[in-house]
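Text of run_38.pdb, listed as PDB, C-alpha atoms, pLDDT in the B column:
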ATOM      1  CA  MET A 153      52.243 -27.734   0.709  1.00 44.00           C
ATOM      2  CA  THR A 154      49.311 -26.213   2.559  1.00 45.00           C
ATOM      3  CA  THR A 155      46.130 -25.157   0.820  1.00 46.00           C
ATOM      4  CA  ALA A 156      44.843 -21.658   1.500  1.00 47.00           C
ATOM      5  CA  SER A 157      41.402 -21.544   3.075  1.00 46.00           C
ATOM      6  CA  THR A 158      38.648 -20.557   0.673  1.00 48.00           C
ATOM      7  CA  THR A 159      36.248 -19.502   3.453  1.00 47.00           C
ATOM      8  CA  ALA A 160      35.180 -15.929   2.855  1.00 53.00           C
ATOM      9  CA  VAL A 161      35.983 -13.527   5.677  1.00 50.00           C
ATOM     10  CA  PRO A 162      33.076 -11.139   6.251  1.00 58.00           C
ATOM     11  CA  THR A 163      33.731  -7.409   6.131  1.00 63.00           C
ATOM     12  CA  LEU A 164      32.979  -6.028   9.590  1.00 67.00           C
ATOM     13  CA  ILE A 165      32.357  -2.360  10.391  1.00 79.00           C
ATOM     14  CA  GLY A 166      34.076  -1.591  13.672  1.00 80.00           C
ATOM     15  CA  SER A 167      32.006   1.486  14.532  1.00 84.00           C
ATOM     16  CA  VAL A 168      28.802  -0.508  14.104  1.00 85.00           C
ATOM     17  CA  GLN A 169      30.121  -3.258  16.365  1.00 85.00           C
ATOM     18  CA  ARG A 170      31.046  -0.692  19.028  1.00 89.00           C
ATOM     19  CA  ALA A 171      27.612   0.951  18.822  1.00 89.00           C
ATOM     20  CA  LEU A 172      25.953  -2.448  19.254  1.00 88.00           C
ATOM     21  CA  ARG A 173      28.072  -3.180  22.316  1.00 89.00           C
ATOM     22  CA  LEU A 174      26.878   0.098  23.821  1.00 90.00           C
ATOM     23  CA  LEU A 175      23.239  -0.739  23.065  1.00 89.00           C
ATOM     24  CA  GLU A 176      23.711  -4.121  24.724  1.00 88.00           C
ATOM     25  CA  ALA A 177      25.166  -2.406  27.774  1.00 89.00           C
ATOM     26  CA  VAL A 178      22.217   0.005  27.975  1.00 88.00           C
ATOM     27  CA  GLY A 179      19.824  -2.929  27.678  1.00 85.00           C
ATOM     28  CA  ALA A 180      21.377  -4.535  30.748  1.00 86.00           C
ATOM     29  CA  HIS A 181      20.237  -1.631  32.952  1.00 85.00           C
ATOM     30  CA  ARG A 182      16.515  -1.196  33.355  1.00 78.00           C
ATOM     31  CA  ASP A 183      16.932   2.237  34.949  1.00 81.00           C
ATOM     32  CA  GLY A 184      19.743   3.358  32.669  1.00 87.00           C
ATOM     33  CA  ALA A 185      23.451   3.857  33.286  1.00 90.00           C
ATOM     34  CA  PRO A 186      25.947   6.736  32.970  1.00 92.00           C
ATOM     35  CA  ALA A 187      28.398   7.034  30.105  1.00 92.00           C
ATOM     36  CA  LYS A 188      31.457   5.988  32.126  1.00 92.00           C
ATOM     37  CA  GLN A 189      29.795   2.765  33.246  1.00 92.00           C
ATOM     38  CA  LEU A 190      28.548   1.957  29.735  1.00 93.00           C
ATOM     39  CA  ALA A 191      32.009   2.585  28.266  1.00 91.00           C
ATOM     40  CA  ARG A 192      33.586   0.279  30.825  1.00 91.00           C
ATOM     41  CA  GLU A 193      31.028  -2.514  30.253  1.00 90.00           C
ATOM     42  CA  ALA A 194      31.311  -2.207  26.469  1.00 90.00           C
ATOM     43  CA  GLY A 195      35.108  -2.219  26.642  1.00 90.00           C
ATOM     44  CA  LEU A 196      35.441   1.161  24.945  1.00 92.00           C
ATOM     45  CA  PRO A 197      37.608   4.222  25.558  1.00 92.00           C
ATOM     46  CA  LEU A 198      35.495   6.935  27.153  1.00 91.00           C
ATOM     47  CA  PRO A 199      35.912   9.467  24.271  1.00 90.00           C
ATOM     48  CA  THR A 200      34.770   6.825  21.766  1.00 91.00           C
ATOM     49  CA  ALA A 201      31.791   5.938  23.954  1.00 90.00           C
ATOM     50  CA  TYR A 202      30.803   9.606  24.227  1.00 91.00           C
ATOM     51  CA  HIS A 203      30.828  10.033  20.427  1.00 90.00           C
ATOM     52  CA  LEU A 204      28.714   6.923  19.890  1.00 92.00           C
ATOM     53  CA  LEU A 205      26.283   7.749  22.695  1.00 93.00           C
ATOM     54  CA  ARG A 206      25.783  11.235  21.275  1.00 91.00           C
ATOM     55  CA  THR A 207      25.100   9.786  17.797  1.00 90.00           C
ATOM     56  CA  LEU A 208      22.714   7.109  19.090  1.00 90.00           C
ATOM     57  CA  THR A 209      20.836   9.741  21.088  1.00 88.00           C
ATOM     58  CA  HIS A 210      20.590  12.048  18.077  1.00 86.00           C
ATOM     59  CA  GLU A 211      19.122   9.187  15.996  1.00 83.00           C
ATOM     60  CA  GLY A 212      16.564   8.332  18.675  1.00 84.00           C
ATOM     61  CA  TYR A 213      17.978   4.948  19.694  1.00 87.00           C
ATOM     62  CA  LEU A 214      18.931   6.309  23.128  1.00 90.00           C
ATOM     63  CA  ARG A 215      17.711   9.097  25.347  1.00 87.00           C
ATOM     64  CA  ARG A 216      19.485  10.785  28.257  1.00 87.00           C
ATOM     65  CA  GLU A 217      17.629  11.465  31.484  1.00 84.00           C
ATOM     66  CA  ASN A 218      19.172  12.666  34.754  1.00 83.00           C
ATOM     67  CA  GLY A 219      22.677  11.756  33.614  1.00 85.00           C
ATOM     68  CA  VAL A 220      21.923   8.185  32.542  1.00 89.00           C
ATOM     69  CA  PHE A 221      21.228   6.665  29.114  1.00 91.00           C
ATOM     70  CA  LEU A 222      18.130   4.580  28.350  1.00 89.00           C
ATOM     71  CA  PHE A 223      16.612   3.116  25.195  1.00 87.00           C
ATOM     72  CA  GLY A 224      14.908   5.708  22.986  1.00 82.00           C
ATOM     73  CA  ALA A 225      11.790   5.355  20.859  1.00 78.00           C
ATOM     74  CA  ALA A 226      13.668   4.072  17.803  1.00 76.00           C
ATOM     75  CA  ALA A 227      15.222   1.187  19.751  1.00 74.00           C
ATOM     76  CA  GLU A 228      11.931   0.361  21.454  1.00 68.00           C
ATOM     77  CA  ASN A 229      10.202   0.202  18.080  1.00 68.00           C
ATOM     78  CA  LEU A 230      12.684  -2.409  16.892  1.00 66.00           C
ATOM     79  CA  THR A 231      11.701  -4.790  19.678  1.00 57.00           C
ATOM     80  CA  ALA A 232       8.084  -3.859  20.302  1.00 52.00           C
ATOM     81  CA  ALA A 233       6.648  -3.262  16.838  1.00 46.00           C
ATOM     82  CA  GLN A 234       6.016  -6.872  15.907  1.00 45.00           C
ATOM     83  CA  ALA A 235       4.798  -7.880  19.363  1.00 44.00           C
ATOM     84  CA  VAL A 236       2.415  -4.958  19.806  1.00 41.00           C
ATOM     85  CA  ARG A 237       1.043  -4.497  16.316  1.00 43.00           C
ATOM     86  CA  PRO A 238      -0.855  -7.201  14.480  1.00 42.00           C
ATOM     87  CA  ARG A 239       0.604  -8.249  11.144  1.00 46.00           C
ATOM     88  CA  PRO A 240      -0.785  -5.988   8.445  1.00 46.00           C
ATOM     89  CA  ALA A 241      -3.236  -7.692   6.122  1.00 55.00           C
ATOM     90  CA  THR A 242      -1.776  -7.484   2.645  1.00 72.00           C
ATOM     91  CA  VAL A 243      -3.959  -6.625  -0.291  1.00 79.00           C
ATOM     92  CA  THR A 244      -3.686 -10.159  -1.664  1.00 82.00           C
ATOM     93  CA  ASP A 245      -4.835 -11.665   1.649  1.00 83.00           C
ATOM     94  CA  SER A 246      -7.776  -9.289   1.819  1.00 86.00           C
ATOM     95  CA  LEU A 247      -8.893  -9.762  -1.776  1.00 90.00           C
ATOM     96  CA  ALA A 248      -8.907 -13.534  -1.365  1.00 90.00           C
ATOM     97  CA  HIS A 249     -11.041 -13.190   1.760  1.00 89.00           C
ATOM     98  CA  TRP A 250     -13.509 -10.857   0.084  1.00 92.00           C
ATOM     99  CA  ARG A 251     -13.712 -13.079  -3.000  1.00 94.00           C
ATOM    100  CA  ASP A 252     -14.741 -15.993  -0.792  1.00 93.00           C
ATOM    101  CA  ALA A 253     -17.088 -13.934   1.385  1.00 92.00           C
ATOM    102  CA  ILE A 254     -18.888 -12.149  -1.458  1.00 95.00           C
ATOM    103  CA  GLY A 255     -18.571 -14.783  -4.165  1.00 95.00           C
ATOM    104  CA  VAL A 256     -17.284 -12.485  -6.923  1.00 97.00           C
ATOM    105  CA  PRO A 257     -13.860 -11.658  -8.365  1.00 97.00           C
ATOM    106  CA  VAL A 258     -12.221  -8.721  -6.604  1.00 96.00           C
ATOM    107  CA  TYR A 259      -9.653  -6.343  -8.084  1.00 96.00           C
ATOM    108  CA  CYS A 260      -7.314  -3.724  -6.603  1.00 93.00           C
ATOM    109  CA  ALA A 261      -5.550  -0.973  -8.522  1.00 94.00           C
ATOM    110  CA  VAL A 262      -3.583   2.145  -7.643  1.00 93.00           C
ATOM    111  CA  TYR A 263      -2.723   5.316  -9.508  1.00 94.00           C
ATOM    112  CA  ARG A 264       1.040   5.706  -9.231  1.00 90.00           C
ATOM    113  CA  GLU A 265       3.363   8.066 -11.087  1.00 90.00           C
ATOM    114  CA  GLY A 266       0.714   8.854 -13.672  1.00 93.00           C
ATOM    115  CA  GLU A 267      -0.220   5.246 -14.390  1.00 95.00           C
ATOM    116  CA  ILE A 268      -3.060   2.886 -13.536  1.00 96.00           C
ATOM    117  CA  GLU A 269      -1.562  -0.232 -11.983  1.00 94.00           C
ATOM    118  CA  LEU A 270      -3.668  -3.312 -11.382  1.00 93.00           C
ATOM    119  CA  ILE A 271      -1.769  -4.750  -8.432  1.00 90.00           C
ATOM    120  CA  ALA A 272      -3.902  -7.746  -7.427  1.00 91.00           C
ATOM    121  CA  VAL A 273      -6.858  -9.839  -8.555  1.00 94.00           C
ATOM    122  CA  ALA A 274      -8.625 -12.612  -6.666  1.00 93.00           C
ATOM    123  CA  ASP A 275     -10.944 -14.863  -8.643  1.00 94.00           C
ATOM    124  CA  ALA A 276     -12.029 -18.494  -8.726  1.00 91.00           C
ATOM    125  CA  PRO A 277     -13.100 -21.057 -11.348  1.00 92.00           C
ATOM    126  CA  ASP A 278     -16.764 -20.353 -10.640  1.00 92.00           C
ATOM    127  CA  ALA A 279     -16.148 -16.570 -10.458  1.00 92.00           C
ATOM    128  CA  PRO A 280     -13.529 -15.752 -13.124  1.00 95.00           C
ATOM    129  CA  ALA A 281     -12.014 -12.318 -13.503  1.00 96.00           C
ATOM    130  CA  VAL A 282     -12.404 -10.264 -16.651  1.00 96.00           C
ATOM    131  CA  GLY A 283      -9.623 -11.070 -19.107  1.00 93.00           C
ATOM    132  CA  GLU A 284      -7.306  -8.198 -20.015  1.00 93.00           C
ATOM    133  CA  TRP A 285      -7.967  -8.166 -23.740  1.00 94.00           C
ATOM    134  CA  ALA A 286      -7.050  -4.454 -24.003  1.00 95.00           C
ATOM    135  CA  SER A 287      -4.439  -2.895 -21.697  1.00 94.00           C
ATOM    136  CA  PHE A 288      -6.066  -1.926 -18.390  1.00 94.00           C
ATOM    137  CA  ARG A 289      -3.421   0.780 -18.038  1.00 94.00           C
ATOM    138  CA  GLU A 290      -4.335   2.416 -21.348  1.00 96.00           C
ATOM    139  CA  THR A 291      -8.117   2.022 -21.138  1.00 97.00           C
ATOM    140  CA  GLY A 292      -8.939   3.484 -17.740  1.00 97.00           C
ATOM    141  CA  HIS A 293     -11.823   5.400 -19.273  1.00 97.00           C
ATOM    142  CA  ALA A 294     -13.566   2.139 -20.158  1.00 97.00           C
ATOM    143  CA  HIS A 295     -13.517   0.110 -16.940  1.00 97.00           C
ATOM    144  CA  ALA A 296     -14.913   0.827 -13.503  1.00 97.00           C
ATOM    145  CA  ILE A 297     -11.682   0.665 -11.538  1.00 97.00           C
ATOM    146  CA  GLY A 298      -9.954   3.036 -13.956  1.00 97.00           C
ATOM    147  CA  GLN A 299     -12.872   5.463 -13.896  1.00 97.00           C
ATOM    148  CA  CYS A 300     -12.808   5.360 -10.108  1.00 96.00           C
ATOM    149  CA  LEU A 301      -9.098   6.172  -9.994  1.00 96.00           C
ATOM    150  CA  LEU A 302      -9.313   8.932 -12.589  1.00 97.00           C
ATOM    151  CA  GLY A 303     -12.277  10.359 -10.687  1.00 95.00           C
ATOM    152  CA  GLN A 304      -9.969  10.924  -7.718  1.00 93.00           C
ATOM    153  CA  LEU A 305      -7.550  13.082  -9.725  1.00 94.00           C
ATOM    154  CA  ASP A 306      -7.832  16.824 -10.070  1.00 92.00           C
ATOM    155  CA  GLU A 307      -8.658  18.351 -13.454  1.00 92.00           C
ATOM    156  CA  LYS A 308      -5.004  18.803 -14.369  1.00 94.00           C
ATOM    157  CA  GLY A 309      -4.222  15.182 -13.528  1.00 94.00           C
ATOM    158  CA  ARG A 310      -7.146  13.913 -15.605  1.00 95.00           C
ATOM    159  CA  GLU A 311      -6.197  16.030 -18.592  1.00 95.00           C
ATOM    160  CA  ASP A 312      -2.605  14.829 -18.397  1.00 96.00           C
ATOM    161  CA  HIS A 313      -3.703  11.196 -18.270  1.00 97.00           C
ATOM    162  CA  LEU A 314      -6.059  11.555 -21.209  1.00 97.00           C
ATOM    163  CA  ASP A 315      -3.397  13.347 -23.254  1.00 97.00           C
ATOM    164  CA  ARG A 316      -1.320  10.185 -22.933  1.00 97.00           C
ATOM    165  CA  TYR A 317      -4.182   7.684 -23.188  1.00 97.00           C
ATOM    166  CA  PRO A 318      -6.938   9.140 -25.374  1.00 97.00           C
ATOM    167  CA  VAL A 319     -10.545   8.101 -24.922  1.00 97.00           C
ATOM    168  CA  ARG A 320     -11.609   5.534 -27.494  1.00 95.00           C
ATOM    169  CA  PRO A 321     -14.668   3.286 -27.490  1.00 95.00           C
ATOM    170  CA  LEU A 322     -13.934  -0.380 -26.869  1.00 97.00           C
ATOM    171  CA  THR A 323     -17.510  -1.618 -27.211  1.00 97.00           C
ATOM    172  CA  ARG A 324     -20.732  -0.077 -28.410  1.00 96.00           C
ATOM    173  CA  TYR A 325     -21.470   0.813 -24.774  1.00 97.00           C
ATOM    174  CA  SER A 326     -18.201   2.680 -24.142  1.00 96.00           C
ATOM    175  CA  VAL A 327     -18.023   6.425 -23.647  1.00 95.00           C
ATOM    176  CA  ARG A 328     -17.448   7.939 -27.076  1.00 94.00           C
ATOM    177  CA  ASP A 329     -15.152  10.924 -26.534  1.00 96.00           C
ATOM    178  CA  ARG A 330     -13.063  12.883 -24.082  1.00 96.00           C
ATOM    179  CA  ALA A 331     -15.622  15.592 -23.366  1.00 96.00           C
ATOM    180  CA  ALA A 332     -18.303  13.054 -22.500  1.00 95.00           C
ATOM    181  CA  PHE A 333     -15.904  11.142 -20.278  1.00 97.00           C
ATOM    182  CA  LEU A 334     -14.771  14.226 -18.359  1.00 95.00           C
ATOM    183  CA  GLU A 335     -18.393  15.200 -17.828  1.00 95.00           C
ATOM    184  CA  ARG A 336     -19.074  11.737 -16.431  1.00 94.00           C
ATOM    185  CA  LEU A 337     -16.181  12.057 -13.984  1.00 94.00           C
ATOM    186  CA  ARG A 338     -17.437  15.445 -12.802  1.00 92.00           C
ATOM    187  CA  SER A 339     -20.847  13.930 -12.110  1.00 92.00           C
ATOM    188  CA  LEU A 340     -19.476  11.204  -9.832  1.00 90.00           C
ATOM    189  CA  ARG A 341     -20.581  11.558  -6.231  1.00 87.00           C
ATOM    190  CA  GLN A 342     -17.737  11.387  -3.747  1.00 81.00           C
ATOM    191  CA  GLY A 343     -17.432   7.972  -2.129  1.00 75.00           C
ATOM    192  CA  GLU A 344     -20.169   6.396  -4.234  1.00 87.00           C
ATOM    193  CA  PRO A 345     -19.521   3.262  -6.332  1.00 95.00           C
ATOM    194  CA  VAL A 346     -18.608   3.757  -9.979  1.00 97.00           C
ATOM    195  CA  ILE A 347     -20.755   1.489 -12.144  1.00 97.00           C
ATOM    196  CA  GLU A 348     -19.708   0.331 -15.618  1.00 97.00           C
ATOM    197  CA  ARG A 349     -21.904  -1.813 -17.857  1.00 97.00           C
ATOM    198  CA  GLN A 350     -20.249  -3.614 -20.777  1.00 98.00           C
ATOM    199  CA  GLU A 351     -17.940  -0.688 -21.541  1.00 98.00           C
ATOM    200  CA  TYR A 352     -14.773  -2.763 -21.328  1.00 97.00           C
ATOM    201  CA  ALA A 353     -16.035  -6.296 -21.898  1.00 97.00           C
ATOM    202  CA  LEU A 354     -19.339  -7.389 -23.387  1.00 97.00           C
ATOM    203  CA  GLY A 355     -21.439  -9.497 -21.070  1.00 97.00           C
ATOM    204  CA  THR A 356     -19.842  -8.052 -17.906  1.00 98.00           C
ATOM    205  CA  VAL A 357     -20.849  -5.333 -15.443  1.00 98.00           C
ATOM    206  CA  CYS A 358     -18.471  -3.890 -12.868  1.00 98.00           C
ATOM    207  CA  ALA A 359     -18.481  -1.611  -9.837  1.00 98.00           C
ATOM    208  CA  ALA A 360     -15.561   0.115  -8.119  1.00 97.00           C
ATOM    209  CA  ILE A 361     -15.098   2.043  -4.894  1.00 96.00           C
ATOM    210  CA  PRO A 362     -12.345   4.495  -3.917  1.00 93.00           C
ATOM    211  CA  VAL A 363     -10.025   3.431  -1.105  1.00 89.00           C
ATOM    212  CA  THR A 364      -8.190   5.882   1.112  1.00 74.00           C
ATOM    213  CA  ALA A 365      -4.829   4.433   2.132  1.00 65.00           C
ATOM    214  CA  GLY A 366      -2.562   7.275   3.150  1.00 66.00           C
ATOM    215  CA  ALA A 367      -1.420   9.293   0.148  1.00 73.00           C
ATOM    216  CA  THR A 368      -2.033   6.422  -2.273  1.00 80.00           C
ATOM    217  CA  LEU A 369      -4.906   6.758  -4.744  1.00 89.00           C
ATOM    218  CA  ALA A 370      -6.460   3.314  -4.781  1.00 92.00           C
ATOM    219  CA  ALA A 371      -9.651   1.546  -5.770  1.00 94.00           C
ATOM    220  CA  MET A 372     -11.273  -1.857  -5.331  1.00 95.00           C
ATOM    221  CA  ALA A 373     -13.663  -3.346  -7.851  1.00 97.00           C
ATOM    222  CA  ILE A 374     -15.858  -6.366  -8.501  1.00 98.00           C
ATOM    223  CA  SER A 375     -17.388  -7.801 -11.653  1.00 98.00           C
ATOM    224  CA  VAL A 376     -20.355 -10.060 -12.385  1.00 97.00           C
ATOM    225  CA  PRO A 377     -21.857 -11.473 -15.601  1.00 97.00           C
ATOM    226  CA  LEU A 378     -24.513  -9.318 -17.218  1.00 97.00           C
ATOM    227  CA  ASP A 379     -27.239 -11.895 -16.571  1.00 96.00           C
ATOM    228  CA  ASP A 380     -26.335 -11.728 -12.862  1.00 96.00           C
ATOM    229  CA  GLU A 381     -26.443  -7.924 -12.684  1.00 97.00           C
ATOM    230  CA  GLU A 382     -28.875  -7.837  -9.768  1.00 97.00           C
ATOM    231  CA  ARG A 383     -25.975  -9.029  -7.566  1.00 96.00           C
ATOM    232  CA  LEU A 384     -23.751  -6.081  -8.427  1.00 97.00           C
ATOM    233  CA  LEU A 385     -25.002  -3.376  -6.057  1.00 96.00           C
ATOM    234  CA  PRO A 386     -25.451  -5.627  -2.983  1.00 96.00           C
ATOM    235  CA  ALA A 387     -22.008  -7.126  -3.619  1.00 96.00           C
ATOM    236  CA  VAL A 388     -20.236  -3.787  -3.949  1.00 96.00           C
ATOM    237  CA  GLU A 389     -21.979  -2.508  -0.833  1.00 95.00           C
ATOM    238  CA  GLN A 390     -20.726  -5.567   1.039  1.00 94.00           C
ATOM    239  CA  LEU A 391     -17.239  -4.897  -0.298  1.00 95.00           C
ATOM    240  CA  ARG A 392     -17.408  -1.291   0.849  1.00 92.00           C
ATOM    241  CA  CYS A 393     -18.368  -2.351   4.377  1.00 90.00           C
ATOM    242  CA  GLU A 394     -15.568  -4.937   4.468  1.00 87.00           C
ATOM    243  CA  VAL A 395     -12.966  -2.424   3.260  1.00 86.00           C
ATOM    244  CA  ALA A 396     -14.117   0.238   5.731  1.00 81.00           C
ATOM    245  CA  ARG A 397     -13.914  -2.217   8.614  1.00 78.00           C
ATOM    246  CA  LEU A 398     -10.389  -3.258   7.673  1.00 75.00           C
ATOM    247  CA  LEU A 399      -9.163   0.309   7.221  1.00 70.00           C
ATOM    248  CA  ARG A 400     -10.528   1.222  10.655  1.00 61.00           C
ATOM    249  CA  SER A 401      -8.330  -1.496  12.144  1.00 54.00           C
ATOM    250  CA  PHE A 402      -5.157   0.289  10.923  1.00 46.00           C
ATOM    251  CA  VAL A 403      -3.598  -3.036   9.899  1.00 45.00           C
ATOM    252  CA  PHE A 404      -3.999  -2.901   6.138  1.00 51.00           C
ATOM    253  CA  SER A 405      -1.073  -2.632   3.739  1.00 52.00           C
ATOM    254  CA  ILE A 406      -1.797  -1.571   0.158  1.00 56.00           C
ATOM    255  CA  SER A 407       1.590  -2.814  -1.017  1.00 52.00           C
ATOM    256  CA  ILE A 408       2.316  -6.330  -2.174  1.00 43.00           C
TER     257      ILE A 408
END

Since I need it in another form, could you write the structure as structure tokens?
Amino acid sequence: MTTASTTAVPTLIGSVQRALRLLEAVGAHRDGAPAKQLAREAGLPLPTAYHLLRTLTHEGYLRRENGVFLFGAAAENLTAAQAVRPRPATVTDSLAHWRDAIGVPVYCAVYREGEIELIAVADAPDAPAVGEWASFRETGHAHAIGQCLLGQLDEKGREDHLDRYPVRPLTRYSVRDRAAFLERLRSLRQGEPVIERQEYALGTVCAAIPVTAGATLAAMAISVPLDDEERLLPAVEQLRCEVARLLRSFVFSISI
């Protein structure tokens, strides 16, 4: 008695295979080739080749010039993107570099779908990050990176956030009420660091800067011990210069 093979047979999509054969045929001709020649080389009936060529052209993978088909921008991007563009620096890579260069813990957060999200932190044994003893998401009014993000919202966005996460003092240095907090946000100067002294954690001072990364509202922050406060402003200025230089390179990815 024979035993049936248990090897799984992959499900293949014929139309995709035929489209790939056509792309391979186009790639064999530096100056392009006409539909009849491509159909013959791909082993396809001419009507089928015409349908696929029309679809591939519509999607940008091919273009037709003077009766011949050549690779379009979409196909060129598939092969050239990685060779031409440097690998984007991820936020975790960048934070680790800045932590080492500046000698302080570095934080990154975004405001996404109505929530403050701390997406990355880089610290070290000799430069520990602030512990999250109260939810960063719910206490944006009390820490520098949250204040920086909320400062980038319009009035309606701020009011909506504070309806969901009311202002409440966390330490004796925290802002006391909603009106005072909104007034503070209105007084922030665009692009300037947001400074917070012991409002979230006693013994710690923090500074945050807004980061423009497409449509994403983002912020970077640093923290230092209170008895090292004289380092705060020089360190955040160094961070701002580092971030600006990286953003100018167009190779920074805010996602992780």

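For the pair atom CA of Tyr317 of chain A and atom CA of Leu385 of chain A, the separation is 29.1 Å.
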
Explicit residue set for the PyMOL selection byres ((chain A and resi 299) around 12), as a PyMOL selection string: chain A and resi 261-263+268+288-298+300-305+310+313-314+319+326-327+333-340+345-348+351-352+358-362+370-373

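Closest approach to Thr368 of chain A among A:Glu269, A:Asp275, A:Glu217, A:Glu394 is made by A:Glu269 (distances from only C-alpha atoms).
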
Gap from atom CA of Lys308 of chain A to atom CA of Arg320 of chain A - Å, one decimal: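 We find that atom CA of Lys308 of chain A and atom CA of Arg320 of chain A lie 19.8 Å from each other.
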
Option closest in space to Gly266 of chain A, from A:Gln390, A:Leu369, A:Ile254, A:Thr209 [counting all atoms listed in the file]: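 Smallest distance to Gly266 of chain A is found for A:Leu369.
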
Counting all atoms listed in the file, the residue of A:Glu344, A:Glu267, A:Asp379, A:Asp312 that sits nearest Val357 of chain A: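 Counting all atoms listed in the file, the residue closest to Val357 of chain A is A:Asp379.
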
Coordinates-based distance that separates atom CA of Val273 of chain A from atom CA of Cys260 of chain A (Å, one decimal):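 Separation between atom CA of Cys260 of chain A and atom CA of Val273 of chain A: 6.4 Å.
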
Residues matched by the PyMOL selection byres ((chain A and resi 178-184) around 9), written as an NGL selection string: :A and (173-177 or 185-186 or 190 or 214 or 216-217 or 219-223)

Residue contacts of Ala396 of chain A (10 Å, only C-alpha atoms) excluding same-chain residues fewer than 5 positions away, as a VMD selection string: chain A and resid 363 to 364 390 to 391 401

Could you write out that same residue set with C-alpha atoms as an mmCIF file, in the frame of the given file?
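Result file follows (part-v7.cif):
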data_model
loop_
_atom_site.group_PDB
_atom_site.id
_atom_site.type_symbol
_atom_site.label_atom_id
_atom_site.label_comp_id
_atom_site.auth_asym_id
_atom_site.auth_seq_id
_atom_site.Cartn_x
_atom_site.Cartn_y
_atom_site.Cartn_z
ATOM 1 C CA VAL A 363 -10.025 3.431 -1.105
ATOM 2 C CA THR A 364 -8.190 5.882 1.112
ATOM 3 C CA GLN A 390 -20.726 -5.567 1.039
ATOM 4 C CA LEU A 391 -17.239 -4.897 -0.298
ATOM 5 C CA SER A 401 -8.330 -1.496 12.144
#

Proximity to Thr356 of chain A - best of A:Val168, A:Val388, A:Val282, A:Leu196, only C-alpha atoms: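 Using only C-alpha atoms, Thr356 of chain A sits closest to A:Val282.
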
Residues returned when the PyMOL selection byres ((chain A and resi 201) around 9) runs on this file, as a list in words: Arg170, Ala171, Leu174, Ala187, Lys188, Leu190, Ala191, Ala194, Leu196, Pro197, Leu198, Pro199, Thr200, Tyr202, His203, Leu204, Leu205 and Arg206 of chain A

All file atoms of segment 191-207 of chain A boxed axis-aligned, 3 Å per side, centre plus edges, as JSON:
{"center_x": 31.4, "center_y": 4.4, "center_z": 24.3, "size_x": 18.5, "size_y": 19.7, "size_z": 19.0}
